[in-house]
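Report on one structure; see the data block that follows.
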Amino acid sequence: MKRYEPILGLLLAAALVAAAIAAPWLRFVLTIALAKGIAVLGILLLLRAGQVSFGHALYIGFGAYTVAFLAPRFNDGVLVLLAAAAGAGLLGLVVGLFVTRYRQIFFGMLNLAMCMVFYSLLEKLYHFTKGSDGIRVEIMPIAGQALDRVTYEWTVFGIALGLAFVLGFLLRMYLASPMGEALAGIKTRETRLEFMGVPARGILLSAYVISAIVGGLGGALIAMTSRHVTPLLSYWTASGELVFIAILGGAGGVLGPFLGAAAYELVRVYAAASFADAWQMILGTVLLLVILFAPGGLWGMAARVLGGRGR
Amino acid sequence: MAEWFQDNGLLLGLALLDGLSSAGLIFLVAVGLNLVFGVLRIVNVAHGSLYAIGAYSAASIGLFLTSLGLPAWASIPTLILSAALVGAILGPLIERFILRRIYAGEEVVQLLVTFALFMILEDVQKLVWGVQPIHHDAAMRWLGTIDVPFGTDFIPFTNYQLFVLPGFAVITLAGLAWFLRSTLTGRVIVAVTTDREAATAMGIDAAKIFLLTFTFGAMLAALGGALSSPTAALVPGVGAQIIVLSFAVVATAGLGQIEGAALTSLMMGMGRSIAVYFEPELEVVVPYIIMVLVLLVRPQGLFGVIETRRV
């Protein structure tokens, strides 16, 4: 299955581009899906260590607000993306130093707590963040080029796709490296890992910082695409959504998050258009069905079709 | 200090009274969550939805019966009966048809199943009760207000919030402590909490205990909701708010701790209402600050027991 991954990745990318050309409104949805997929790569990493973060919307919100604050000052898309990634990485390091001391439910809840603190600050510090009204993000030049609206949207789509590829590739290498294998060791039996002299906490911390960086990048891309940021990006249900996408896509490979994110966003758009008050119910039902009847997620299903195991 | 007290004493008194009543509510919800976690080992994200549905049901049953000419004194028993009804219907449904299938699953999966349930129930509320605020405060108006002596002054406060909410919390606390320690069923529940395998090997029907505990937990959540319904208008999203607070209480108190949950609820209720009156921006943040401080000093929670690490 592993060897099909690059080819399947290219096929998926081609399908996304084709869909974005065929239906211009899909371009928006798919850019958001790619951004969320990038963020979910981080969740995948933590899931490999058996840890569920119910608070990674913190980094999405952080990345998005970094763009909103810095875009008028830097006036360049590439610079703000870099700033969002670096800032989220730093924040991830500070928060990570604290939360990686805990495991399982405490890990999940502490992340949730951090995320809720950030959400409340965004909402309450009105003079700074404009509270729940949010901040508008104007179209910004990218790499020094001033762009019209359509070109800008295509460029952001392209950046998201490119980042998805590069990050997916890097993460695949990371997971196959000794550090990535040690993550799986944290899940099975951490004490044994330590007996072997592997610093388990450091391993988890490095994975956590990476997950924060990709979360920040995802959030920045969301802000650049939707061009409006609100505190709701960091509400705890948004963190749940990320874990949802990870499980929907399947935690087996790096393509899972993108399959999951695309499926999630499409179902969400269609459900919201057809049943305005019941889209959450439809998504929840889809999630229940996937968990109960297709535990490997979409990636697991694809793996079964192609023969071989998900991992 | 004395001067500050002169100026702000009454405000502080009001904050303490408010804190007491909100601590009562938080406790009712958090203790149910904690009990369910202790026995089923599942963090039930949908616990907040049960709270919201309890509140909505109590308000609409109350409105309906009042329109039929229900005397005001009967409105408090009506609140309790509606909560029991909600718990008795939804509890077994959820446990039998959904949770039972995932007891053997991974923690992530269990968390997500209840998250899916949360999403579904959130929309069920909107479909059944709409998005307009619903308010029914017959119980609170019937009990009237009281002037609480405070130094040389008096603070007007509602009897309902001063006596009924904390009263129910104290009754629940004492009742639960007695039930778990002195009755056979209670002891069986404690046995299953401590060591599920050993308990089942002794011939305890774990399935029955799970059903019983979950239904009871659901009733407690619904009771919290029902009792809160006279104090404020109900809007969508109340469930999402109370559940994150309950998570914080449970993690701070230590998993499976009843008395700990009571003390923590009191700390968080007080902390939050003092913040409301003196630093409103911090209101939502205070519980999480308390949680982080406690977990920094005691990583297993205030009353939690350190688990031995398996090699």
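The chains in the structure tokens are called A, B, ... from first to last as shown; in each chain the residues are counted from 1, and the ligands are counted from 1 in the order shown.
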For this session: Give as a ChimeraX atom specification every residue of chain A that touches chain B within 9 Å, counting only C-alpha atoms.
Result: /A:47,50-52,98,101-102,104-106,109-110,112-114,116-118,120-121,123-125,189-192,236-237,240,243-244,247,277-288,291-292,295
Exercise. Out of segment 92-245 of chain B, which residues get strand (DSSP E) from DSSP, as a PyMOL selection string?
Worked result: chain B and resi 145-150+153-158
For Ala58 of chain B, find every residue with an atom within 8 Å (counting only C-alpha atoms), except residues of its own chain fewer than 5 positions away, and show them as a PDB file with N, CA and C atoms, in the first residue's frame.
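Output file selection_14.pdb follows:
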```
ATOM      1  N   THR B  78     -41.892  19.482  38.816  1.00  0.00           N
ATOM      2  CA  THR B  78     -41.962  19.280  37.364  1.00  0.00           C
ATOM      3  C   THR B  78     -40.575  19.301  36.748  1.00  0.00           C
ATOM      4  N   LEU B  79     -39.726  20.248  37.228  1.00  0.00           N
ATOM      5  CA  LEU B  79     -38.352  20.310  36.721  1.00  0.00           C
ATOM      6  C   LEU B  79     -37.650  18.970  36.921  1.00  0.00           C
ATOM      7  N   SER B  82     -39.112  16.136  34.742  1.00  0.00           N
ATOM      8  CA  SER B  82     -38.731  16.193  33.327  1.00  0.00           C
ATOM      9  C   SER B  82     -37.299  15.732  33.141  1.00  0.00           C
ATOM     10  N   ALA B  83     -36.421  16.104  34.101  1.00  0.00           N
ATOM     11  CA  ALA B  83     -35.024  15.679  33.996  1.00  0.00           C
ATOM     12  C   ALA B  83     -34.936  14.157  34.064  1.00  0.00           C
ATOM     13  N   ALA B 226     -32.229  21.109  33.758  1.00  0.00           N
ATOM     14  CA  ALA B 226     -33.590  21.470  34.161  1.00  0.00           C
ATOM     15  C   ALA B 226     -33.552  22.532  35.262  1.00  0.00           C
ATOM     16  N   SER B 229     -32.762  25.953  33.980  1.00  0.00           N
ATOM     17  CA  SER B 229     -33.672  26.577  33.022  1.00  0.00           C
ATOM     18  C   SER B 229     -34.445  27.787  33.571  1.00  0.00           C
TER      19      SER B 229
END
```
Exercise. In Å, with one decimal, what is the gap from atom CA of Leu17 of chain B to atom CA of Leu162 of chain B?
Worked result: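 Rounded to one decimal, the two atoms are 6.9 Å apart.
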For this session: Would you please extract all helix (DSSP H, G or I) residues from segment 209-267 of chain B, as assigned by DSSP on the backbone, and give them as a PyMOL selection string?
Result: chain B and resi 209-228+238-253+258-267
Exercise. Closest to Ala246 of chain A among A:Gly297, A:Gly63, A:Pro24, A:Gly197, using only C-alpha atoms?
Worked result: A:Gly297
Problem set entry | Point-to-point distance in Å for atom CA of Ser228 of chain B and atom CA of His135 of chain B |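 Calculated distance between atom CA of His135 of chain B and atom CA of Ser228 of chain B is 10.7 Å.
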